[in-house]
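J.: Coordinates in entry-v5.pdb, PDB, C-alpha atoms, pLDDT in the B column, are listed below.
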ATOM      1  CA  MET A   6       0.000   0.000   0.000  1.00 52.00           C
ATOM      2  CA  ALA A   7       1.223   3.481  -0.759  1.00 64.00           C
ATOM      3  CA  GLN A   8       2.372   5.682   2.077  1.00 72.00           C
ATOM      4  CA  THR A   9      -0.599   8.039   1.599  1.00 75.00           C
ATOM      5  CA  ALA A  10      -3.075   5.202   0.862  1.00 76.00           C
ATOM      6  CA  GLY A  11      -3.907   6.556  -2.573  1.00 77.00           C
ATOM      7  CA  VAL A  12      -4.613  10.109  -1.398  1.00 80.00           C
ATOM      8  CA  LYS A  13      -2.473  12.886  -2.820  1.00 80.00           C
ATOM      9  CA  PRO A  14      -0.054  14.147  -0.158  1.00 77.00           C
ATOM     10  CA  MET A  15      -0.868  17.525   1.350  1.00 74.00           C
ATOM     11  CA  THR A  16       1.557  19.803   3.144  1.00 75.00           C
ATOM     12  CA  ILE A  17       0.639  20.819   6.669  1.00 74.00           C
ATOM     13  CA  THR A  18       2.744  23.974   6.583  1.00 75.00           C
ATOM     14  CA  GLY A  19       0.155  25.796   4.539  1.00 74.00           C
ATOM     15  CA  ARG A  20       0.664  29.074   2.727  1.00 75.00           C
ATOM     16  CA  VAL A  21       3.215  30.364   5.231  1.00 76.00           C
ATOM     17  CA  ALA A  22       5.838  27.696   4.479  1.00 78.00           C
ATOM     18  CA  SER A  23       7.700  30.088   2.214  1.00 82.00           C
ATOM     19  CA  GLU A  24       9.337  33.200   3.589  1.00 83.00           C
ATOM     20  CA  ARG A  25       8.081  35.212   0.623  1.00 84.00           C
ATOM     21  CA  GLU A  26       4.481  34.307   1.483  1.00 80.00           C
ATOM     22  CA  ARG A  27       5.009  35.316   5.115  1.00 81.00           C
ATOM     23  CA  CYS A  28       6.438  38.684   4.066  1.00 84.00           C
ATOM     24  CA  ILE A  29       3.346  39.441   1.958  1.00 85.00           C
ATOM     25  CA  GLY A  30       1.338  39.463   5.141  1.00 84.00           C
ATOM     26  CA  MET A  31      -0.142  37.093   7.657  1.00 84.00           C
ATOM     27  CA  THR A  32      -3.414  37.277   9.530  1.00 87.00           C
ATOM     28  CA  ASP A  33      -3.489  36.897  13.297  1.00 91.00           C
ATOM     29  CA  VAL A  34      -4.922  33.396  12.881  1.00 89.00           C
ATOM     30  CA  GLU A  35      -2.070  32.419  10.521  1.00 86.00           C
ATOM     31  CA  ARG A  36       0.489  33.973  12.874  1.00 88.00           C
ATOM     32  CA  ALA A  37      -0.884  31.969  15.848  1.00 89.00           C
ATOM     33  CA  TRP A  38      -1.017  28.830  13.744  1.00 86.00           C
ATOM     34  CA  ARG A  39       2.599  29.327  12.574  1.00 86.00           C
ATOM     35  CA  LYS A  40       3.778  29.895  16.151  1.00 90.00           C
ATOM     36  CA  GLN A  41       2.089  26.678  17.281  1.00 89.00           C
ATOM     37  CA  TRP A  42       3.466  24.786  14.273  1.00 85.00           C
ATOM     38  CA  LEU A  43       7.044  25.914  15.070  1.00 87.00           C
ATOM     39  CA  GLN A  44       6.628  24.855  18.699  1.00 90.00           C
ATOM     40  CA  ASP A  45       5.396  21.450  17.557  1.00 86.00           C
ATOM     41  CA  GLN A  46       8.588  20.938  15.535  1.00 85.00           C
ATOM     42  CA  ILE A  47      10.714  20.946  18.711  1.00 87.00           C
ATOM     43  CA  LEU A  48      11.260  17.372  19.856  1.00 84.00           C
ATOM     44  CA  SER A  49      11.335  16.427  23.495  1.00 85.00           C
ATOM     45  CA  SER A  50      14.589  15.278  25.056  1.00 86.00           C
ATOM     46  CA  ASN A  51      13.598  11.589  24.886  1.00 86.00           C
ATOM     47  CA  GLU A  52      12.845  11.663  21.126  1.00 82.00           C
ATOM     48  CA  PRO A  53      13.203   9.624  18.989  1.00 82.00           C
ATOM     49  CA  VAL A  54      11.814   6.711  20.977  1.00 86.00           C
ATOM     50  CA  HIS A  55      13.222   3.318  20.005  1.00 84.00           C
ATOM     51  CA  VAL A  56      10.619   0.610  20.607  1.00 89.00           C
ATOM     52  CA  GLU A  57      12.365  -2.747  20.249  1.00 87.00           C
ATOM     53  CA  GLU A  58       9.159  -4.746  19.759  1.00 92.00           C
ATOM     54  CA  TYR A  59       8.078  -2.427  16.930  1.00 90.00           C
ATOM     55  CA  TRP A  60      11.338  -2.947  15.008  1.00 86.00           C
ATOM     56  CA  ARG A  61      11.298  -6.689  15.704  1.00 88.00           C
ATOM     57  CA  GLU A  62       7.841  -6.951  14.148  1.00 89.00           C
ATOM     58  CA  ARG A  63       8.832  -4.862  11.121  1.00 89.00           C
ATOM     59  CA  THR A  64      12.022  -6.726  10.204  1.00 89.00           C
ATOM     60  CA  ASN A  65      12.232 -10.082   8.524  1.00 91.00           C
ATOM     61  CA  PRO A  66      13.407 -12.980  10.787  1.00 92.00           C
ATOM     62  CA  ILE A  67      16.024 -14.003   8.199  1.00 94.00           C
ATOM     63  CA  ARG A  68      17.361 -10.455   8.097  1.00 91.00           C
ATOM     64  CA  ARG A  69      17.525 -10.334  11.910  1.00 91.00           C
ATOM     65  CA  PHE A  70      19.431 -13.642  11.850  1.00 94.00           C
ATOM     66  CA  TYR A  71      22.191 -12.548   9.454  1.00 91.00           C
ATOM     67  CA  ARG A  72      22.483  -9.097  11.073  1.00 91.00           C
ATOM     68  CA  LYS A  73      22.825 -10.500  14.604  1.00 93.00           C
ATOM     69  CA  PRO A  74      26.631 -11.056  14.695  1.00 95.00           C
ATOM     70  CA  LEU A  75      27.495  -7.482  13.725  1.00 94.00           C
ATOM     71  CA  ASP A  76      24.684  -6.124  15.905  1.00 93.00           C
ATOM     72  CA  VAL A  77      26.158  -7.872  18.961  1.00 95.00           C
ATOM     73  CA  ILE A  78      29.690  -6.664  18.222  1.00 95.00           C
ATOM     74  CA  PHE A  79      28.770  -3.054  17.576  1.00 94.00           C
ATOM     75  CA  THR A  80      26.257  -2.872  20.435  1.00 93.00           C
ATOM     76  CA  SER A  81      29.132  -3.644  22.782  1.00 95.00           C
ATOM     77  CA  LEU A  82      31.311  -1.048  21.003  1.00 94.00           C
ATOM     78  CA  THR A  83      28.668   1.704  21.110  1.00 94.00           C
ATOM     79  CA  PRO A  84      29.696   3.030  24.560  1.00 95.00           C
ATOM     80  CA  VAL A  85      33.308   3.304  23.369  1.00 94.00           C
ATOM     81  CA  LEU A  86      32.743   4.661  19.842  1.00 94.00           C
ATOM     82  CA  GLY A  87      29.481   6.545  20.246  1.00 94.00           C
ATOM     83  CA  ALA A  88      26.164   5.676  18.606  1.00 92.00           C
ATOM     84  CA  SER A  89      26.754   7.449  15.296  1.00 94.00           C
ATOM     85  CA  ARG A  90      30.297   6.200  14.739  1.00 95.00           C
ATOM     86  CA  ALA A  91      29.361   2.646  15.787  1.00 95.00           C
ATOM     87  CA  ALA A  92      26.495   2.668  13.265  1.00 94.00           C
ATOM     88  CA  ASP A  93      28.841   3.924  10.537  1.00 96.00           C
ATOM     89  CA  TYR A  94      31.458   1.285  11.325  1.00 96.00           C
ATOM     90  CA  ARG A  95      28.793  -1.432  11.451  1.00 95.00           C
ATOM     91  CA  TYR A  96      27.573  -0.399   7.993  1.00 96.00           C
ATOM     92  CA  ILE A  97      31.114  -0.379   6.579  1.00 97.00           C
ATOM     93  CA  ALA A  98      31.996  -3.726   8.198  1.00 96.00           C
ATOM     94  CA  GLY A  99      28.872  -5.318   6.749  1.00 95.00           C
ATOM     95  CA  LYS A 100      29.596  -4.059   3.239  1.00 96.00           C
ATOM     96  CA  LEU A 101      33.266  -5.104   3.436  1.00 97.00           C
ATOM     97  CA  GLY A 102      32.171  -8.540   4.657  1.00 95.00           C
ATOM     98  CA  LEU A 103      29.807  -8.920   1.704  1.00 95.00           C
ATOM     99  CA  MET A 104      32.555  -7.854  -0.699  1.00 98.00           C
ATOM    100  CA  ALA A 105      34.963 -10.381   0.865  1.00 98.00           C
ATOM    101  CA  VAL A 106      32.414 -13.189   0.545  1.00 97.00           C
ATOM    102  CA  GLY A 107      31.772 -12.159  -3.058  1.00 98.00           C
ATOM    103  CA  ALA A 108      35.505 -12.162  -3.835  1.00 98.00           C
ATOM    104  CA  LEU A 109      35.880 -15.611  -2.262  1.00 98.00           C
ATOM    105  CA  CYS A 110      32.947 -16.939  -4.281  1.00 96.00           C
ATOM    106  CA  ILE A 111      34.430 -15.578  -7.508  1.00 93.00           C
ATOM    107  CA  HIS A 112      37.841 -17.056  -6.626  1.00 94.00           C
ATOM    108  CA  TYR A 113      36.266 -20.434  -5.878  1.00 94.00           C
ATOM    109  CA  TYR A 114      34.305 -20.393  -9.116  1.00 89.00           C
ATOM    110  CA  PHE A 115      37.312 -19.609 -11.286  1.00 85.00           C
ATOM    111  CA  LYS A 116      39.533 -22.050  -9.419  1.00 87.00           C
ATOM    112  CA  TYR A 117      37.243 -25.085  -9.498  1.00 86.00           C
ATOM    113  CA  ASN A 118      34.896 -24.424 -12.437  1.00 84.00           C
ATOM    114  CA  GLY A 119      37.286 -23.569 -15.222  1.00 80.00           C
ATOM    115  CA  ASN A 120      36.611 -24.593 -18.790  1.00 83.00           C
ATOM    116  CA  ASN A 121      38.850 -27.506 -19.663  1.00 82.00           C
ATOM    117  CA  TRP A 122      38.548 -30.701 -21.659  1.00 82.00           C
ATOM    118  CA  THR A 123      36.598 -32.521 -18.928  1.00 83.00           C
ATOM    119  CA  LYS A 124      33.524 -30.289 -18.947  1.00 82.00           C
ATOM    120  CA  LYS A 125      31.515 -28.185 -21.280  1.00 80.00           C
ATOM    121  CA  GLY A 126      30.617 -25.267 -18.951  1.00 79.00           C
ATOM    122  CA  GLY A 127      32.636 -22.715 -17.078  1.00 80.00           C
ATOM    123  CA  TRP A 128      34.492 -19.598 -18.125  1.00 82.00           C
ATOM    124  CA  ARG A 129      37.238 -20.164 -20.635  1.00 80.00           C
ATOM    125  CA  THR A 130      40.289 -18.050 -19.984  1.00 77.00           C
ATOM    126  CA  VAL A 131      42.764 -17.619 -22.787  1.00 77.00           C
ATOM    127  CA  ARG A 132      46.157 -15.949 -22.610  1.00 79.00           C
ATOM    128  CA  THR A 133      47.019 -13.629 -25.424  1.00 84.00           C
ATOM    129  CA  LYS A 134      50.446 -13.790 -26.915  1.00 84.00           C
ATOM    130  CA  PRO A 135      52.813 -11.125 -25.598  1.00 86.00           C
ATOM    131  CA  MET A 136      53.532  -8.026 -27.646  1.00 89.00           C
ATOM    132  CA  VAL A 137      57.126  -8.193 -28.820  1.00 88.00           C
ATOM    133  CA  LEU A 138      58.264  -5.287 -30.969  1.00 90.00           C
ATOM    134  CA  PRO A 139      61.232  -5.187 -33.338  1.00 91.00           C
ATOM    135  CA  GLY A 140      64.410  -4.523 -31.401  1.00 90.00           C
ATOM    136  CA  GLN A 141      63.176  -6.251 -28.246  1.00 90.00           C
ATOM    137  CA  PRO A 142      64.553  -9.602 -27.115  1.00 89.00           C
ATOM    138  CA  GLY A 143      62.429 -12.485 -28.363  1.00 85.00           C
ATOM    139  CA  PHE A 144      61.461 -10.825 -31.637  1.00 89.00           C
ATOM    140  CA  PRO A 145      59.898 -12.364 -33.669  1.00 87.00           C
ATOM    141  CA  PHE A 146      57.722 -14.158 -31.091  1.00 85.00           C
ATOM    142  CA  LYS A 147      57.689 -17.902 -31.532  1.00 84.00           C
ATOM    143  CA  SER A 148      54.843 -19.810 -29.939  1.00 81.00           C
ATOM    144  CA  ASP A 149      55.614 -22.610 -27.492  1.00 79.00           C
ATOM    145  CA  ARG A 150      53.054 -24.738 -29.326  1.00 79.00           C
ATOM    146  CA  THR A 151      55.121 -26.969 -31.543  1.00 78.00           C
ATOM    147  CA  LYS A 152      52.546 -29.422 -32.923  1.00 79.00           C
ATOM    148  CA  ASP A 153      49.079 -28.928 -34.337  1.00 76.00           C
ATOM    149  CA  SER A 154      47.678 -30.984 -31.450  1.00 74.00           C
ATOM    150  CA  ASP A 155      48.829 -28.295 -28.992  1.00 74.00           C
ATOM    151  CA  TYR A 156      46.145 -25.940 -30.287  1.00 76.00           C
ATOM    152  CA  ALA A 157      42.660 -26.254 -28.708  1.00 78.00           C
ATOM    153  CA  ASP A 158      44.209 -28.626 -26.171  1.00 79.00           C
ATOM    154  CA  ARG A 159      42.268 -27.198 -23.180  1.00 80.00           C
ATOM    155  CA  GLY A 160      44.568 -29.040 -20.754  1.00 78.00           C
ATOM    156  CA  PHE A 161      44.181 -32.550 -22.202  1.00 82.00           C
ATOM    157  CA  SER A 162      47.919 -33.003 -22.761  1.00 80.00           C
ATOM    158  CA  GLN A 163      48.503 -32.724 -18.985  1.00 82.00           C
ATOM    159  CA  SER A 164      45.872 -35.395 -18.312  1.00 84.00           C
ATOM    160  CA  PRO A 165      46.885 -38.909 -17.172  1.00 83.00           C
ATOM    161  CA  LEU A 166      44.702 -40.225 -20.012  1.00 82.00           C
ATOM    162  CA  HIS A 167      46.913 -38.629 -22.647  1.00 77.00           C
ATOM    163  CA  ALA A 168      49.255 -41.151 -24.223  1.00 73.00           C
ATOM    164  CA  LYS A 169      52.772 -39.755 -24.388  1.00 61.00           C
TER     165      LYS A 169
END
Go ahead and render the structure in this file as structure tokens.

T.:
Amino acid sequence: MAQTAGVKPMTITGRVASERERCIGMTDVERAWRKQWLQDQILSSNEPVHVEEYWRERTNPIRRFYRKPLDVIFTSLTPVLGASRAADYRYIAGKLGLMAVGALCIHYYFKYNGNNWTKKGGWRTVRTKPMVLPGQPGFPFKSDRTKDSDYADRGFSQSPLHAK
């Protein structure tokens, strides 16, 4: 459901929200209303109120489960770091943790799911031949592939099944 439940949002500040409108002139009723509205914007000393049960009901149990380790660590660090800095560090630690897990998953995939002669799938990585210019050692570049069977080998020649 939309935040306004299908009703177009309406500002409660009225005509006197803009300084230009206030300078044009305000009635006594508008002046009293504006004074009350400004007083209502001042929060009490115990605001904002954190109701634990409210947030527990609003968050997904799976999300609460995977957030719990960092919540415990940074709740204990809050008195030392301060609430704002602890929240910032918790956010950064969570994102760095996700990046580390992602990097490990990518490493695992490329290490154990490479494209070779034993399987059809996986990413095929191919090395390009080095650029050797005239006047540099190794010019002209000669490939280390000596026979036609070395091309499109995909690692079969290193296999124990390959007859040597």

J.: Quick one: everything within 10 Å of region 74-85 of chain A, counting only C-alpha atoms, minus sequence neighbours fewer than 3 positions away in the same chain. Send it as a PyMOL selection string.

T.: chain A and resi 69-71+88-96+98-99

J.: Pick the closest to Asn121 (chain A) from A:Leu109, A:Ala157, A:Val34, A:Leu103: which is it, counting all atoms listed in the file?

T.: A:Ala157

J.: I need the residue nearest Arg129 (chain A) from this list: A:Gly160, A:Arg25, A:Pro14, A:Ser49. Use only C-alpha atoms for the distance.

T.: A:Gly160

J.: With distances taken over all atoms listed in the file, which residue among A:Cys28, A:Ile67, A:Ile17, A:Val137 lies nearest Gln46 (chain A)?

T.: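 Using all atoms listed in the file, the shortest distance to Gln46 (chain A) belongs to A:Ile17.
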
J.: Just how far from CA of Trp122 (chain A) is CA of Asp158 (chain A), in Å to one decimal?

T.: 7.5 Å

J.: How many Å separate CA of Arg132 (chain A) from CA of Ala168 (chain A)?

T.: 25.4 Å

J.: Which residues are close to Thr18 (chain A), i.e. within 10 Å by all atoms listed in the file, leaving aside same-chain residues fewer than 2 positions away? Reply as a compact mmCIF listing (two decimals) with C-alpha atoms, in the frame of the given file.

T.:
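And here's part-v3.txt as it stands now:
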# COMPACT_ATOMS: atom_id res chain seq x y z
CA MET A 15 -0.87 17.52 1.35
CA THR A 16 1.56 19.80 3.14
CA ARG A 20 0.66 29.07 2.73
CA VAL A 21 3.22 30.36 5.23
CA ALA A 22 5.84 27.70 4.48
CA SER A 23 7.70 30.09 2.21
CA TRP A 38 -1.02 28.83 13.74
CA ARG A 39 2.60 29.33 12.57
CA TRP A 42 3.47 24.79 14.27
CA LEU A 43 7.04 25.91 15.07

J.: Quick one: of A:Arg159, A:Arg72, A:Thr64, A:Gly107, who's nearest to Gly119 (chain A), counting all atoms listed in the file?

T.: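 Comparing A:Arg159, A:Arg72, A:Thr64, A:Gly107 against Gly119 (chain A), the winner is A:Arg159.
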
J.: As an exercise, work out the distance from CA of His112 (chain A) to CA of Gln163 (chain A) in Å and give it to one decimal place.

T.: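 Taking CA of His112 (chain A) as the start and CA of Gln163 (chain A) as the end point, the length is 22.6 Å.
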
J.: Can you give me all heavy atoms for region 107-118 of chain A, written as a PDB file, keeping the file's coordinate frame?

T.:
ATOM      1  N   GLY A 107      31.896 -12.166  -1.601  1.00 98.00           N
ATOM      2  CA  GLY A 107      31.772 -12.159  -3.058  1.00 98.00           C
ATOM      3  C   GLY A 107      33.091 -12.481  -3.742  1.00 98.00           C
ATOM      4  O   GLY A 107      33.132 -13.245  -4.712  1.00 98.00           O
ATOM      5  N   ALA A 108      34.187 -11.892  -3.246  1.00 98.00           N
ATOM      6  CA  ALA A 108      35.505 -12.162  -3.835  1.00 98.00           C
ATOM      7  C   ALA A 108      35.890 -13.632  -3.655  1.00 98.00           C
ATOM      8  O   ALA A 108      36.444 -14.254  -4.578  1.00 98.00           O
ATOM      9  CB  ALA A 108      36.563 -11.260  -3.216  1.00 98.00           C
ATOM     10  N   LEU A 109      35.579 -14.191  -2.485  1.00 98.00           N
ATOM     11  CA  LEU A 109      35.880 -15.611  -2.262  1.00 98.00           C
ATOM     12  C   LEU A 109      35.046 -16.511  -3.167  1.00 98.00           C
ATOM     13  O   LEU A 109      35.541 -17.520  -3.673  1.00 98.00           O
ATOM     14  CB  LEU A 109      35.657 -15.981  -0.802  1.00 98.00           C
ATOM     15  CG  LEU A 109      36.681 -15.421   0.177  1.00 98.00           C
ATOM     16  CD1 LEU A 109      36.267 -15.718   1.614  1.00 98.00           C
ATOM     17  CD2 LEU A 109      38.050 -15.998  -0.096  1.00 98.00           C
ATOM     18  N   CYS A 110      33.798 -16.150  -3.385  1.00 96.00           N
ATOM     19  CA  CYS A 110      32.947 -16.939  -4.281  1.00 96.00           C
ATOM     20  C   CYS A 110      33.472 -16.880  -5.711  1.00 96.00           C
ATOM     21  O   CYS A 110      33.503 -17.904  -6.408  1.00 96.00           O
ATOM     22  CB  CYS A 110      31.506 -16.437  -4.232  1.00 96.00           C
ATOM     23  SG  CYS A 110      30.665 -16.809  -2.682  1.00 96.00           S
ATOM     24  N   ILE A 111      33.879 -15.706  -6.158  1.00 93.00           N
ATOM     25  CA  ILE A 111      34.430 -15.578  -7.508  1.00 93.00           C
ATOM     26  C   ILE A 111      35.734 -16.374  -7.636  1.00 93.00           C
ATOM     27  O   ILE A 111      35.956 -17.080  -8.622  1.00 93.00           O
ATOM     28  CB  ILE A 111      34.634 -14.092  -7.852  1.00 93.00           C
ATOM     29  CG1 ILE A 111      33.273 -13.414  -8.020  1.00 93.00           C
ATOM     30  CG2 ILE A 111      35.482 -13.925  -9.102  1.00 93.00           C
ATOM     31  CD1 ILE A 111      33.345 -11.910  -8.111  1.00 93.00           C
ATOM     32  N   HIS A 112      36.584 -16.288  -6.615  1.00 94.00           N
ATOM     33  CA  HIS A 112      37.841 -17.056  -6.626  1.00 94.00           C
ATOM     34  C   HIS A 112      37.555 -18.559  -6.698  1.00 94.00           C
ATOM     35  O   HIS A 112      38.184 -19.282  -7.488  1.00 94.00           O
ATOM     36  CB  HIS A 112      38.652 -16.734  -5.379  1.00 94.00           C
ATOM     37  CG  HIS A 112      39.849 -17.605  -5.200  1.00 94.00           C
ATOM     38  ND1 HIS A 112      40.983 -17.502  -5.965  1.00 94.00           N
ATOM     39  CD2 HIS A 112      40.065 -18.645  -4.350  1.00 94.00           C
ATOM     40  CE1 HIS A 112      41.854 -18.421  -5.593  1.00 94.00           C
ATOM     41  NE2 HIS A 112      41.319 -19.125  -4.617  1.00 94.00           N
ATOM     42  N   TYR A 113      36.621 -19.016  -5.875  1.00 94.00           N
ATOM     43  CA  TYR A 113      36.266 -20.434  -5.878  1.00 94.00           C
ATOM     44  C   TYR A 113      35.755 -20.858  -7.245  1.00 94.00           C
ATOM     45  O   TYR A 113      36.124 -21.907  -7.765  1.00 94.00           O
ATOM     46  CB  TYR A 113      35.201 -20.704  -4.813  1.00 94.00           C
ATOM     47  CG  TYR A 113      34.725 -22.135  -4.789  1.00 94.00           C
ATOM     48  CD1 TYR A 113      35.404 -23.089  -4.050  1.00 94.00           C
ATOM     49  CD2 TYR A 113      33.611 -22.539  -5.521  1.00 94.00           C
ATOM     50  CE1 TYR A 113      34.978 -24.407  -4.028  1.00 94.00           C
ATOM     51  CE2 TYR A 113      33.185 -23.846  -5.516  1.00 94.00           C
ATOM     52  CZ  TYR A 113      33.866 -24.775  -4.764  1.00 94.00           C
ATOM     53  OH  TYR A 113      33.456 -26.077  -4.764  1.00 94.00           O
ATOM     54  N   TYR A 114      34.880 -20.033  -7.823  1.00 89.00           N
ATOM     55  CA  TYR A 114      34.305 -20.393  -9.116  1.00 89.00           C
ATOM     56  C   TYR A 114      35.390 -20.526 -10.183  1.00 89.00           C
ATOM     57  O   TYR A 114      35.423 -21.505 -10.926  1.00 89.00           O
ATOM     58  CB  TYR A 114      33.276 -19.354  -9.549  1.00 89.00           C
ATOM     59  CG  TYR A 114      32.652 -19.677 -10.880  1.00 89.00           C
ATOM     60  CD1 TYR A 114      31.622 -20.589 -10.959  1.00 89.00           C
ATOM     61  CD2 TYR A 114      33.125 -19.109 -12.046  1.00 89.00           C
ATOM     62  CE1 TYR A 114      31.060 -20.915 -12.172  1.00 89.00           C
ATOM     63  CE2 TYR A 114      32.570 -19.430 -13.262  1.00 89.00           C
ATOM     64  CZ  TYR A 114      31.533 -20.335 -13.323  1.00 89.00           C
ATOM     65  OH  TYR A 114      30.995 -20.670 -14.528  1.00 89.00           O
ATOM     66  N   PHE A 115      36.284 -19.547 -10.258  1.00 85.00           N
ATOM     67  CA  PHE A 115      37.312 -19.609 -11.286  1.00 85.00           C
ATOM     68  C   PHE A 115      38.353 -20.687 -11.008  1.00 85.00           C
ATOM     69  O   PHE A 115      38.956 -21.224 -11.931  1.00 85.00           O
ATOM     70  CB  PHE A 115      37.993 -18.252 -11.459  1.00 85.00           C
ATOM     71  CG  PHE A 115      37.196 -17.319 -12.323  1.00 85.00           C
ATOM     72  CD1 PHE A 115      36.475 -16.289 -11.771  1.00 85.00           C
ATOM     73  CD2 PHE A 115      37.167 -17.493 -13.690  1.00 85.00           C
ATOM     74  CE1 PHE A 115      35.731 -15.444 -12.568  1.00 85.00           C
ATOM     75  CE2 PHE A 115      36.428 -16.651 -14.497  1.00 85.00           C
ATOM     76  CZ  PHE A 115      35.706 -15.624 -13.932  1.00 85.00           C
ATOM     77  N   LYS A 116      38.544 -21.024  -9.743  1.00 87.00           N
ATOM     78  CA  LYS A 116      39.533 -22.050  -9.419  1.00 87.00           C
ATOM     79  C   LYS A 116      39.013 -23.459  -9.727  1.00 87.00           C
ATOM     80  O   LYS A 116      39.740 -24.290 -10.269  1.00 87.00           O
ATOM     81  CB  LYS A 116      39.926 -21.963  -7.946  1.00 87.00           C
ATOM     82  CG  LYS A 116      41.021 -22.937  -7.559  1.00 87.00           C
ATOM     83  CD  LYS A 116      41.504 -22.705  -6.157  1.00 87.00           C
ATOM     84  CE  LYS A 116      42.643 -23.670  -5.830  1.00 87.00           C
ATOM     85  NZ  LYS A 116      43.136 -23.474  -4.472  1.00 87.00           N
ATOM     86  N   TYR A 117      37.760 -23.730  -9.385  1.00 86.00           N
ATOM     87  CA  TYR A 117      37.243 -25.085  -9.498  1.00 86.00           C
ATOM     88  C   TYR A 117      36.255 -25.300 -10.644  1.00 86.00           C
ATOM     89  O   TYR A 117      35.820 -26.423 -10.862  1.00 86.00           O
ATOM     90  CB  TYR A 117      36.580 -25.505  -8.184  1.00 86.00           C
ATOM     91  CG  TYR A 117      37.575 -25.594  -7.056  1.00 86.00           C
ATOM     92  CD1 TYR A 117      37.571 -24.656  -6.042  1.00 86.00           C
ATOM     93  CD2 TYR A 117      38.536 -26.591  -7.025  1.00 86.00           C
ATOM     94  CE1 TYR A 117      38.495 -24.717  -5.007  1.00 86.00           C
ATOM     95  CE2 TYR A 117      39.465 -26.661  -6.003  1.00 86.00           C
ATOM     96  CZ  TYR A 117      39.431 -25.726  -4.995  1.00 86.00           C
ATOM     97  OH  TYR A 117      40.334 -25.791  -3.985  1.00 86.00           O
ATOM     98  N   ASN A 118      35.860 -24.260 -11.352  1.00 84.00           N
ATOM     99  CA  ASN A 118      34.896 -24.424 -12.437  1.00 84.00           C
ATOM    100  C   ASN A 118      35.430 -23.867 -13.745  1.00 84.00           C
ATOM    101  O   ASN A 118      34.689 -23.275 -14.523  1.00 84.00           O
ATOM    102  CB  ASN A 118      33.574 -23.737 -12.086  1.00 84.00           C
ATOM    103  CG  ASN A 118      32.899 -24.411 -10.936  1.00 84.00           C
ATOM    104  OD1 ASN A 118      32.718 -25.614 -10.945  1.00 84.00           O
ATOM    105  ND2 ASN A 118      32.544 -23.650  -9.930  1.00 84.00           N
TER     106      ASN A 118
END
